[in-house]
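Asker: Below is the file data.txt, which contains compact mmCIF, C-alpha atoms.
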# COMPACT_ATOMS: atom_id res chain seq x y z
CA MET A 1 97.07 93.23 67.02
CA ALA A 2 99.28 91.67 64.34
CA ASP A 3 102.23 89.53 65.38
CA THR A 4 105.23 91.69 64.59
CA LYS A 5 107.60 88.78 65.31
CA THR A 6 106.89 87.51 61.80
CA LEU A 7 108.73 90.53 60.35
CA LYS A 8 112.20 89.70 59.02
CA LEU A 9 115.08 92.16 58.87
CA THR A 10 116.92 92.80 55.62
CA MET A 11 120.15 94.77 55.32
CA GLY A 12 120.12 96.63 52.03
CA PRO A 13 122.92 97.72 49.67
CA VAL A 14 125.29 100.45 50.85
CA PRO A 15 124.13 103.45 48.80
CA TYR A 16 127.28 105.53 49.37
CA LEU A 17 130.84 105.32 48.10
CA TRP A 18 132.89 103.67 50.84
CA SER A 19 136.35 102.21 50.46
CA GLY A 20 136.38 98.55 49.57
CA GLU A 21 137.80 97.63 52.95
CA LYS A 22 135.19 99.62 54.87
CA TRP A 23 132.43 98.10 52.73
CA ARG A 24 133.77 94.57 53.32
CA ASP A 25 134.12 95.07 57.07
CA PHE A 26 130.61 96.53 57.24
CA TYR A 27 129.07 93.35 55.86
CA TYR A 28 131.37 91.16 57.96
CA ARG A 29 129.85 92.93 60.97
CA VAL A 30 126.38 92.28 59.56
CA ALA A 31 127.28 88.60 59.23
CA GLU A 32 127.94 88.52 62.96
CA SER A 33 124.50 89.97 63.72
CA GLY A 34 121.97 87.40 64.80
CA HIS A 35 119.14 89.82 64.02
CA VAL A 36 119.56 90.22 60.25
CA ASP A 37 117.81 87.51 58.22
CA ALA A 38 118.62 88.56 54.67
CA VAL A 39 121.12 90.81 52.89
CA THR A 40 120.94 92.56 49.53
CA LEU A 41 124.24 94.03 48.39
CA GLY A 42 125.94 95.44 45.33
CA GLU A 43 126.35 98.76 43.54
CA VAL A 44 122.96 100.31 42.81
CA VAL A 45 123.77 104.01 42.35
CA CYS A 46 126.79 104.46 40.06
CA SER A 47 128.65 101.90 37.95
CA LYS A 48 131.89 103.91 38.26
CA ARG A 49 132.02 102.91 41.92
CA ASP A 50 131.81 99.19 41.20
CA HIS A 51 135.54 98.52 41.12
CA PHE A 52 135.92 99.60 44.77
CA THR A 53 133.82 96.71 46.07
CA ARG A 54 133.85 94.07 43.31
CA PRO A 55 137.03 92.30 44.56
CA PHE A 56 135.44 91.78 47.98
CA ILE A 57 132.04 90.47 46.90
CA PRO A 58 132.86 86.72 46.81
CA ASP A 59 134.30 86.73 50.34
CA VAL A 60 131.46 88.87 51.68
CA VAL A 61 128.79 86.63 50.13
CA GLU A 62 130.51 83.53 51.51
CA ARG A 63 130.78 85.01 55.01
CA LEU A 64 127.10 86.05 54.99
CA GLN A 65 125.89 82.70 53.73
CA GLN A 66 128.00 80.83 56.25
CA SER A 67 126.24 82.83 58.95
CA GLY A 68 122.89 81.58 57.67
CA LYS A 69 121.69 84.69 55.85
CA SER A 70 119.91 84.78 52.53
CA VAL A 71 121.95 86.88 50.06
CA ALA A 72 120.90 88.70 46.88
CA LEU A 73 122.93 90.85 44.50
CA ALA A 74 121.32 94.11 43.39
CA SER A 75 121.38 95.51 39.87
CA LEU A 76 121.94 99.16 38.96
CA ALA A 77 118.98 101.48 39.31
CA LEU A 78 119.76 103.28 36.04
CA VAL A 79 121.36 101.58 33.03
CA THR A 80 122.47 104.09 30.39
CA MET A 81 125.64 102.66 28.79
CA GLU A 82 126.51 99.46 26.98
CA ARG A 83 129.02 98.42 29.64
CA GLU A 84 126.31 98.81 32.28
CA LEU A 85 123.95 96.67 30.23
CA GLY A 86 126.73 94.10 29.88
CA ALA A 87 127.21 94.04 33.65
CA THR A 88 123.45 93.61 34.10
CA ARG A 89 123.44 90.70 31.63
CA ARG A 90 126.28 88.99 33.49
CA LEU A 91 124.53 89.48 36.81
CA ALA A 92 121.25 88.11 35.47
CA SER A 93 122.91 85.06 33.92
CA GLY A 94 124.88 84.16 37.05
CA PRO A 95 123.90 81.74 39.80
CA ALA A 96 123.12 84.34 42.48
CA LEU A 97 119.68 85.53 43.49
CA VAL A 98 119.29 88.99 41.91
CA GLU A 99 117.32 92.06 42.96
CA ALA A 100 116.18 93.96 39.87
CA ASN A 101 116.25 97.74 40.20
CA ASP A 102 115.79 98.55 36.51
CA LEU A 103 113.40 97.34 33.82
CA SER A 104 116.29 96.00 31.73
CA ALA A 105 117.19 93.66 34.60
CA LEU A 106 113.54 92.60 34.93
CA ARG A 107 113.48 91.54 31.29
CA LEU A 108 116.68 89.54 31.66
CA LEU A 109 115.47 87.81 34.83
CA ALA A 110 112.04 86.84 33.52
CA GLY A 111 111.33 83.16 34.13
CA ARG A 112 113.68 82.68 37.09
CA PRO A 113 113.18 83.55 40.76
CA HIS A 114 114.31 87.09 41.61
CA LEU A 115 113.59 90.06 43.83
CA VAL A 116 112.32 93.49 42.83
CA GLY A 117 113.95 96.55 44.41
CA PRO A 118 112.48 99.92 45.43
CA PHE A 119 113.61 101.64 42.21
CA VAL A 120 111.04 99.72 40.17
CA ASN A 121 107.68 101.50 40.42
CA VAL A 122 104.98 99.13 41.70
CA TYR A 123 101.83 101.13 42.35
CA ASN A 124 99.03 98.55 42.17
CA GLY A 125 98.22 94.91 42.70
CA ALA A 126 97.99 94.20 38.95
CA THR A 127 101.64 95.18 38.52
CA ALA A 128 102.64 93.02 41.48
CA ARG A 129 100.74 90.04 40.00
CA LEU A 130 102.47 90.52 36.64
CA LEU A 131 105.87 90.62 38.32
CA ALA A 132 105.02 87.45 40.25
CA LYS A 133 104.16 85.68 36.99
CA LYS A 134 107.57 86.70 35.64
CA GLY A 135 109.37 85.14 38.63
CA ALA A 136 109.45 87.80 41.35
CA THR A 137 109.25 86.36 44.85
CA ARG A 138 109.66 89.56 46.92
CA ILE A 139 109.07 93.22 46.15
CA CYS A 140 110.57 96.13 48.06
CA LEU A 141 107.85 98.74 47.62
CA GLY A 142 108.62 102.40 46.98
CA PRO A 143 109.20 104.54 50.07
CA GLU A 144 106.77 107.27 49.03
CA LEU A 145 103.67 105.06 49.24
CA PRO A 146 101.16 105.68 52.06
CA ALA A 147 99.86 102.80 54.15
CA ALA A 148 96.57 102.58 52.21
CA SER A 149 98.44 102.08 48.93
CA LEU A 150 100.74 99.48 50.48
CA ALA A 151 97.76 97.52 51.79
CA SER A 152 95.99 97.70 48.42
CA ILE A 153 99.02 96.39 46.51
CA ILE A 154 99.58 93.54 48.96
CA ALA A 155 95.90 92.56 48.88
CA GLY A 156 96.09 92.43 45.09
CA ALA A 157 98.96 89.93 45.04
CA PRO A 158 99.16 88.24 48.46
CA GLU A 159 101.27 85.36 47.17
CA LEU A 160 104.40 87.55 47.23
CA ASP A 161 106.63 88.64 50.08
CA TYR A 162 106.79 92.40 50.56
CA GLU A 163 109.53 94.63 51.91
CA ILE A 164 109.66 98.29 52.90
CA ILE A 165 112.52 100.61 53.82
CA ALA A 166 112.08 100.89 57.59
CA PHE A 167 115.33 102.74 58.31
CA GLY A 168 117.57 105.04 56.32
CA ARG A 169 117.64 108.06 54.05
CA LEU A 170 115.16 107.41 51.28
CA PRO A 171 116.05 107.12 47.58
CA LEU A 172 113.99 109.79 45.81
CA ALA A 173 115.47 110.14 42.33
CA ILE A 174 118.40 109.10 40.18
CA SER A 175 119.90 110.92 37.21
CA ALA A 176 122.34 110.42 34.36
CA ARG A 177 124.06 113.60 35.63
CA CYS A 178 126.07 113.87 38.83
CA ALA A 179 125.07 116.78 41.04
CA HIS A 180 127.59 115.64 43.67
CA ALA A 181 130.51 116.09 41.26
CA ARG A 182 129.10 119.40 40.03
CA ALA A 183 128.81 120.67 43.60
CA LYS A 184 132.52 120.00 44.03
CA GLY A 185 133.46 121.73 40.75
CA HIS A 186 133.91 118.58 38.66
CA SER A 187 132.18 116.97 35.71
CA LYS A 188 130.71 113.49 35.88
CA ASP A 189 133.38 112.09 33.54
CA ASN A 190 136.12 113.57 35.73
CA CYS A 191 134.38 113.28 39.09
CA GLN A 192 137.50 112.10 40.95
CA PHE A 193 135.06 110.12 43.13
CA VAL A 194 134.39 113.15 45.32
CA CYS A 195 131.20 111.48 46.57
CA GLY A 196 133.51 109.40 48.73
CA ASP A 197 134.23 112.54 50.77
CA GLU A 198 130.75 112.25 52.32
CA PRO A 199 130.22 108.67 53.52
CA ASP A 200 126.66 109.56 54.55
CA GLY A 201 125.76 111.81 51.60
CA LEU A 202 126.12 115.56 50.99
CA ASP A 203 123.38 117.63 52.61
CA VAL A 204 122.11 120.54 50.51
CA ASP A 205 120.07 123.60 51.47
CA THR A 206 117.63 125.80 49.58
CA LEU A 207 118.66 129.26 48.40
CA ASP A 208 117.09 130.55 51.62
CA GLY A 209 119.42 128.36 53.67
CA GLN A 210 116.77 125.86 54.74
CA PRO A 211 117.76 122.18 55.04
CA PHE A 212 116.42 120.36 52.00
CA LEU A 213 117.75 117.14 50.47
CA THR A 214 120.88 114.99 50.36
CA ILE A 215 122.82 114.16 47.21
CA ASN A 216 124.81 110.99 46.79
CA GLY A 217 126.59 110.90 43.47
CA VAL A 218 123.89 110.75 40.78
CA GLN A 219 121.24 110.01 43.41
CA THR A 220 118.95 112.40 45.28
CA MET A 221 118.00 111.21 48.76
CA SER A 222 115.86 112.49 51.60
CA ARG A 223 117.56 114.73 54.14
CA HIS A 224 115.66 112.86 56.84
CA CYS A 225 116.18 109.26 57.89
CA GLN A 226 113.00 107.19 57.70
CA VAL A 227 112.26 105.38 60.97
CA LEU A 228 109.20 103.10 61.18
CA LEU A 229 109.65 101.68 64.68
CA GLY A 230 106.18 102.78 65.77
CA ASP A 231 104.52 101.41 62.64
CA LEU A 232 105.58 97.76 62.91
CA PRO A 233 102.16 96.39 64.03
CA ALA A 234 100.41 98.14 61.14
CA LEU A 235 103.01 96.92 58.65
CA ALA A 236 102.69 93.32 59.85
CA ALA A 237 98.89 93.54 59.75
CA MET A 238 98.84 94.66 56.11
CA GLY A 239 101.18 91.85 55.02
CA ILE A 240 104.67 93.35 54.98
CA THR A 241 107.12 90.49 55.56
CA HIS A 242 110.54 92.20 55.49
CA LEU A 243 111.89 95.43 56.96
CA ARG A 244 114.80 96.86 54.98
CA LEU A 245 117.50 98.68 56.91
CA SER A 246 119.30 100.93 54.44
CA PRO A 247 122.94 101.35 55.53
CA GLN A 248 123.99 104.72 56.94
CA ASP A 249 127.41 105.63 58.31
CA CYS A 250 126.75 104.24 61.79
CA ASP A 251 126.63 100.91 63.65
CA MET A 252 123.96 99.22 61.56
CA ALA A 253 124.27 95.97 63.52
CA GLU A 254 123.10 97.91 66.57
CA VAL A 255 120.30 99.45 64.49
CA ALA A 256 119.20 95.92 63.61
CA ALA A 257 119.31 94.94 67.28
CA ILE A 258 117.06 97.90 68.17
CA TYR A 259 114.53 97.01 65.49
CA ALA A 260 114.55 93.38 66.60
CA SER A 261 113.97 94.42 70.22
CA VAL A 262 110.95 96.55 69.29
CA ARG A 263 109.63 93.91 66.91
CA ASP A 264 109.88 91.23 69.59
CA GLY A 265 108.20 93.40 72.23
CA LEU A 266 111.28 93.61 74.44
CA VAL A 267 111.27 97.42 74.40
CA SER A 268 108.64 99.99 73.44
CA PRO A 269 108.88 101.99 70.19
CA ASP A 270 109.69 105.11 72.22
CA GLU A 271 112.52 103.33 74.03
CA GLY A 272 113.80 102.03 70.72
CA LEU A 273 113.65 105.50 69.22
CA ALA A 274 115.70 106.94 72.09
CA LYS A 275 118.35 104.27 71.55
CA LEU A 276 118.29 104.84 67.80
CA LYS A 277 119.02 108.54 68.26
CA GLN A 278 122.15 107.61 70.22
CA VAL A 279 123.34 105.27 67.47
CA TYR A 280 122.59 107.54 64.53
CA ALA A 281 122.58 111.32 64.88
CA GLY A 282 123.48 111.98 61.25
CA ALA A 283 120.00 113.05 60.17
CA PRO A 284 116.61 113.98 61.64
CA PHE A 285 114.02 111.20 61.70
CA SER A 286 110.79 111.10 59.71
CA ASN A 287 107.91 108.77 58.83
CA GLY A 288 105.55 111.08 56.97
CA PHE A 289 105.11 109.13 53.73
CA ILE A 290 103.51 106.07 55.29
CA HIS A 291 101.03 108.31 57.10
CA GLY A 292 100.04 110.11 53.90
CA GLN A 293 101.91 113.27 54.85
CA PRO A 294 105.01 115.01 53.46
CA GLY A 295 107.89 112.58 53.81
CA MET A 296 109.90 114.86 56.09
CA ASN A 297 107.14 114.93 58.74
CA TRP A 298 107.26 112.98 61.99
CA VAL A 299 104.04 111.36 63.19
CA ALA A 300 104.21 110.15 66.79
CA ALA A 301 103.14 106.57 67.47
Translate this structure into structure tokens?
Answerer:
Amino acid sequence: MADTKTLKLTMGPVPYLWSGEKWRDFYYRVAESGHVDAVTLGEVVCSKRDHFTRPFIPDVVERLQQSGKSVALASLALVTMERELGATRRLASGPALVEANDLSALRLLAGRPHLVGPFVNVYNGATARLLAKKGATRICLGPELPAASLASIIAGAPELDYEIIAFGRLPLAISARCAHARAKGHSKDNCQFVCGDEPDGLDVDTLDGQPFLTINGVQTMSRHCQVLLGDLPALAAMGITHLRLSPQDCDMAEVAAIYASVRDGLVSPDEGLAKLKQVYAGAPFSNGFIHGQPGMNWVAA
């Protein structure tokens, strides 16, 4: 059986609109966690939200680095306006390690070390090798990939580190239009930041009243929260090096502690799952994608 203790924990960017103070305090709490090895932060979903958190970024980065954590700044997942391209240029030309979530950022970062986020489609080893030649050092693979595809990609470019979203609602799509604003009776240009009313996303149902997806501003997310506690040995065996914990509106430091306990063999996956349900009851759990099933399915360990 693979040694799961080699798996590192990454705290990803907050996908939702939180107040600047809540966002800052969230990462201060992460800085205090001895279980999180690396942090990727920044606004990925909507550039209009950026001004809420931008003033706090220098202090947050300093606090995280002082606690011994590797820190990267994420680019937008969808660049559609000149001001967004300008922000991407500034990010790419700065001194920080950058996670590219858009092809425009990849072009700007070519030739210097960088990370590749889950919004960049990497579906085969040849693509991973090309990204490595351009300077990528770690790729967070897409959440919809089954285990066989993950293993094939990693085998095709084993020189890279690989990350997977091991906890959190999954990013499924992103649009130039804002369904969240529309659902609240607003246009995107006059959204009044209504996405901030749902700090864990806005759940939507089908016309038949069945639970379906979650919208978060211009982003569509899974209704279910991906939980891969029972899959850690398989992930380690195939070459995954980092487990990304995608922030939800709960005690994510405790989520990291649970994952670390299961990873280190201190508690069983079932015990960890029971604890996780106490910490986060905001969404049902799933792990279908990695098992080649519909993403909303739950496959017992």
Asker: Counting only C-alpha atoms, what is within 7 Å of stretch 234-251 of chain A, bar same-chain residues fewer than 5 positions away, as a list of chain:residue names?
Answerer: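 That gives A:Ala2, A:Asp3, A:Thr4, A:Thr6, A:Leu7, A:Lys8, A:Leu9, A:Thr10, A:Met11, A:Gly12, A:Pro13, A:Val14, A:Ala151, A:Ile154, A:Asp161, A:Tyr162, A:Glu163, A:Ile164, A:Ile165, A:Ala166, A:Phe167, A:Gly168, A:Pro199, A:Asp200, A:Val279, A:Tyr280.
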Asker: Need the shell around A:Asp189: protein/DNA/RNA residues with any atom at most 10 Å away, counting all atoms listed in the file. Skip same-chain ones fewer than 3 positions apart. Format as an MDAnalysis selection string?
Answerer: chainID A and resid 48 177:178 181 186 192:193
Asker: Check the smallest atom-to-atom distance from each of A:Ala126, A:Ala105, A:Leu202, A:Ala257 to A:Val218 using all atoms listed in the file, then report the winner.
Answerer: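 Smallest distance to A:Val218 is found for A:Leu202.
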Asker: Of the candidates A:Ala132, A:Ala283, A:Leu170, A:Ala96, which shows the shortest atom-to-atom distance to A:Ala110, using all atoms listed in the file?
Answerer: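 Smallest distance to A:Ala110 is found for A:Ala132.
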Asker: Please, what distance in Å, to one decimal, runs between atom CA of A:Glu62 and atom CA of A:Ser33?
Answerer: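 Interatomic distance here is 15.1 Å.
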Asker: Fewer than 5 positions away in the same chain doesn't count, so skip those; otherwise give me all residues within 6 Å of stretch 134-147 of chain A, counting all atoms listed in the file, as a PyMOL selection string.
Answerer: chain A and resi 110-118+160-164+289-292
Asker: Using only C-alpha atoms, pick whichever of A:Arg182, A:Lys22, A:His35, A:Arg223 has the shortest atom-to-atom distance to A:Phe56.
Answerer: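 Checking each candidate against A:Phe56, we get A:Lys22 as the closest.
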Asker: List the spatial neighbours of A:Lys277 as a PyMOL selection string - criterion: any atom at most 12 Å away, only C-alpha atoms, same-chain residues fewer than 5 positions off excluded.
Answerer: chain A and resi 225+227+250-251+254-255+258+270-272+282-285
Asker: For the selection just defined, write its residues with C-alpha atoms to a file, as a PDB file, keeping the file's coordinate frame.
Answerer:
ATOM      1  CA  CYS A 225     116.180 109.260  57.890  1.00  0.00           C
ATOM      2  CA  VAL A 227     112.260 105.380  60.970  1.00  0.00           C
ATOM      3  CA  CYS A 250     126.750 104.240  61.790  1.00  0.00           C
ATOM      4  CA  ASP A 251     126.630 100.910  63.650  1.00  0.00           C
ATOM      5  CA  GLU A 254     123.100  97.910  66.570  1.00  0.00           C
ATOM      6  CA  VAL A 255     120.300  99.450  64.490  1.00  0.00           C
ATOM      7  CA  ILE A 258     117.060  97.900  68.170  1.00  0.00           C
ATOM      8  CA  ASP A 270     109.690 105.110  72.220  1.00  0.00           C
ATOM      9  CA  GLU A 271     112.520 103.330  74.030  1.00  0.00           C
ATOM     10  CA  GLY A 272     113.800 102.030  70.720  1.00  0.00           C
ATOM     11  CA  GLY A 282     123.480 111.980  61.250  1.00  0.00           C
ATOM     12  CA  ALA A 283     120.000 113.050  60.170  1.00  0.00           C
ATOM     13  CA  PRO A 284     116.610 113.980  61.640  1.00  0.00           C
ATOM     14  CA  PHE A 285     114.020 111.200  61.700  1.00  0.00           C
TER      15      PHE A 285
END
Asker: For each of A:Gln278, A:Val262, A:Pro294, A:Ala301, take the minimum atom-to-atom distance to A:Lys5, counting only C-alpha atoms, then give the residue where this is smallest.
Answerer: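 Ranked by minimum distance to A:Lys5, first place goes to A:Val262.
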Asker: Separation of atom CA of A:Ile57 and atom CA of A:Arg24, in Å?
Answerer: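 Atom CA of A:Ile57 sits 7.8 Å away from atom CA of A:Arg24.
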Asker: What does the structure give for the distance between atom CA of A:Val120 and atom CA of A:Thr80, in Å to one decimal?
Answerer: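 These two atoms are separated by 15.7 Å.
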Asker: From the list A:Ile174, A:Ala100, A:Val71, A:Leu266, which residue is nearest A:Val36 when using only C-alpha atoms?
Answerer: A:Val71
Asker: Might you pull out every residue within 10 Å of A:Gly201, with all atoms listed in the file counted and same-chain residues fewer than 6 positions away left off, and present them as a list in words?
Answerer: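 Final neighbour list, sorted by chain and number: Pro15, Tyr16, Leu17, Arg169, His180, Cys195, Leu213, Thr214, Ile215, Asn216, Gly217, Gln219, Thr220, Met221, Ser222, Arg223, Gln248, Asp249 and Gly282 of chain A.
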Asker: Restricting the calculation to only C-alpha atoms, which member of A:Ala31, A:Asp50, A:Leu103, A:Leu232 is positioned closest to A:Arg83?
Answerer: A:Asp50
Asker: Would you kindly identify which residues have an atom no farther than 12 Å from (123.0, 81.9, 52.8), using all atoms listed in the file and the file's own coordinates, and write them out as a PyMOL selection string?
Answerer: chain A and resi 31+36-40+60-72+96-97
Asker: Export N, CA, C and O atoms of stretch 57-77 of chain A from the structure just given, as a compact mmCIF listing (two decimals), in the first residue's frame?
Answerer:
# COMPACT_ATOMS: atom_id res chain seq x y z
N ILE A 57 -4.23 41.33 1.20
CA ILE A 57 -3.34 40.30 0.66
C ILE A 57 -1.91 40.38 1.21
O ILE A 57 -1.35 39.36 1.62
N PRO A 58 -1.27 41.56 1.24
CA PRO A 58 0.12 41.59 1.74
C PRO A 58 0.25 41.05 3.16
O PRO A 58 1.18 40.26 3.44
N ASP A 59 -0.65 41.44 4.05
CA ASP A 59 -0.56 40.96 5.44
C ASP A 59 -0.84 39.46 5.53
O ASP A 59 -0.20 38.75 6.31
N VAL A 60 -1.80 38.99 4.73
CA VAL A 60 -2.12 37.56 4.75
C VAL A 60 -0.94 36.74 4.24
O VAL A 60 -0.56 35.72 4.84
N VAL A 61 -0.34 37.16 3.13
CA VAL A 61 0.81 36.45 2.58
C VAL A 61 1.95 36.43 3.59
O VAL A 61 2.59 35.38 3.81
N GLU A 62 2.20 37.57 4.22
CA GLU A 62 3.28 37.62 5.21
C GLU A 62 3.01 36.68 6.38
O GLU A 62 3.91 35.94 6.82
N ARG A 63 1.78 36.67 6.88
CA ARG A 63 1.45 35.81 8.01
C ARG A 63 1.61 34.33 7.63
O ARG A 63 2.14 33.53 8.40
N LEU A 64 1.17 33.97 6.43
CA LEU A 64 1.28 32.58 5.99
C LEU A 64 2.73 32.17 5.81
O LEU A 64 3.14 31.07 6.20
N GLN A 65 3.52 33.04 5.21
CA GLN A 65 4.93 32.70 4.99
C GLN A 65 5.70 32.63 6.30
O GLN A 65 6.59 31.78 6.46
N GLN A 66 5.36 33.49 7.23
CA GLN A 66 6.01 33.44 8.54
C GLN A 66 5.71 32.13 9.26
O GLN A 66 6.52 31.67 10.08
N SER A 67 4.57 31.53 8.94
CA SER A 67 4.21 30.26 9.57
C SER A 67 4.80 29.06 8.81
O SER A 67 4.51 27.91 9.15
N GLY A 68 5.61 29.34 7.79
CA GLY A 68 6.31 28.28 7.08
C GLY A 68 5.58 27.68 5.92
O GLY A 68 5.96 26.60 5.44
N LYS A 69 4.54 28.34 5.43
CA LYS A 69 3.75 27.78 4.33
C LYS A 69 4.17 28.38 2.99
O LYS A 69 4.46 29.56 2.89
N SER A 70 4.17 27.53 1.99
CA SER A 70 4.39 28.00 0.62
C SER A 70 3.13 28.72 0.15
O SER A 70 2.02 28.23 0.37
N VAL A 71 3.29 29.88 -0.49
CA VAL A 71 2.13 30.69 -0.89
C VAL A 71 2.19 30.99 -2.39
O VAL A 71 3.24 31.35 -2.92
N ALA A 72 1.05 30.83 -3.06
CA ALA A 72 0.91 31.20 -4.47
C ALA A 72 -0.31 32.08 -4.63
O ALA A 72 -1.29 31.95 -3.88
N LEU A 73 -0.27 32.97 -5.60
CA LEU A 73 -1.40 33.84 -5.92
C LEU A 73 -2.05 33.35 -7.20
O LEU A 73 -1.37 33.14 -8.21
N ALA A 74 -3.36 33.16 -7.18
CA ALA A 74 -4.09 32.59 -8.31
C ALA A 74 -4.56 33.68 -9.26
O ALA A 74 -4.96 34.77 -8.84
N SER A 75 -4.56 33.36 -10.55
CA SER A 75 -5.11 34.27 -11.54
C SER A 75 -6.59 33.96 -11.75
O SER A 75 -7.10 32.93 -11.33
N LEU A 76 -7.27 34.89 -12.42
CA LEU A 76 -8.69 34.69 -12.76
C LEU A 76 -8.86 33.47 -13.67
O LEU A 76 -7.99 33.16 -14.49
N ALA A 77 -10.01 32.83 -13.54
CA ALA A 77 -10.29 31.68 -14.39
C ALA A 77 -10.83 32.09 -15.76
O ALA A 77 -10.77 31.30 -16.71
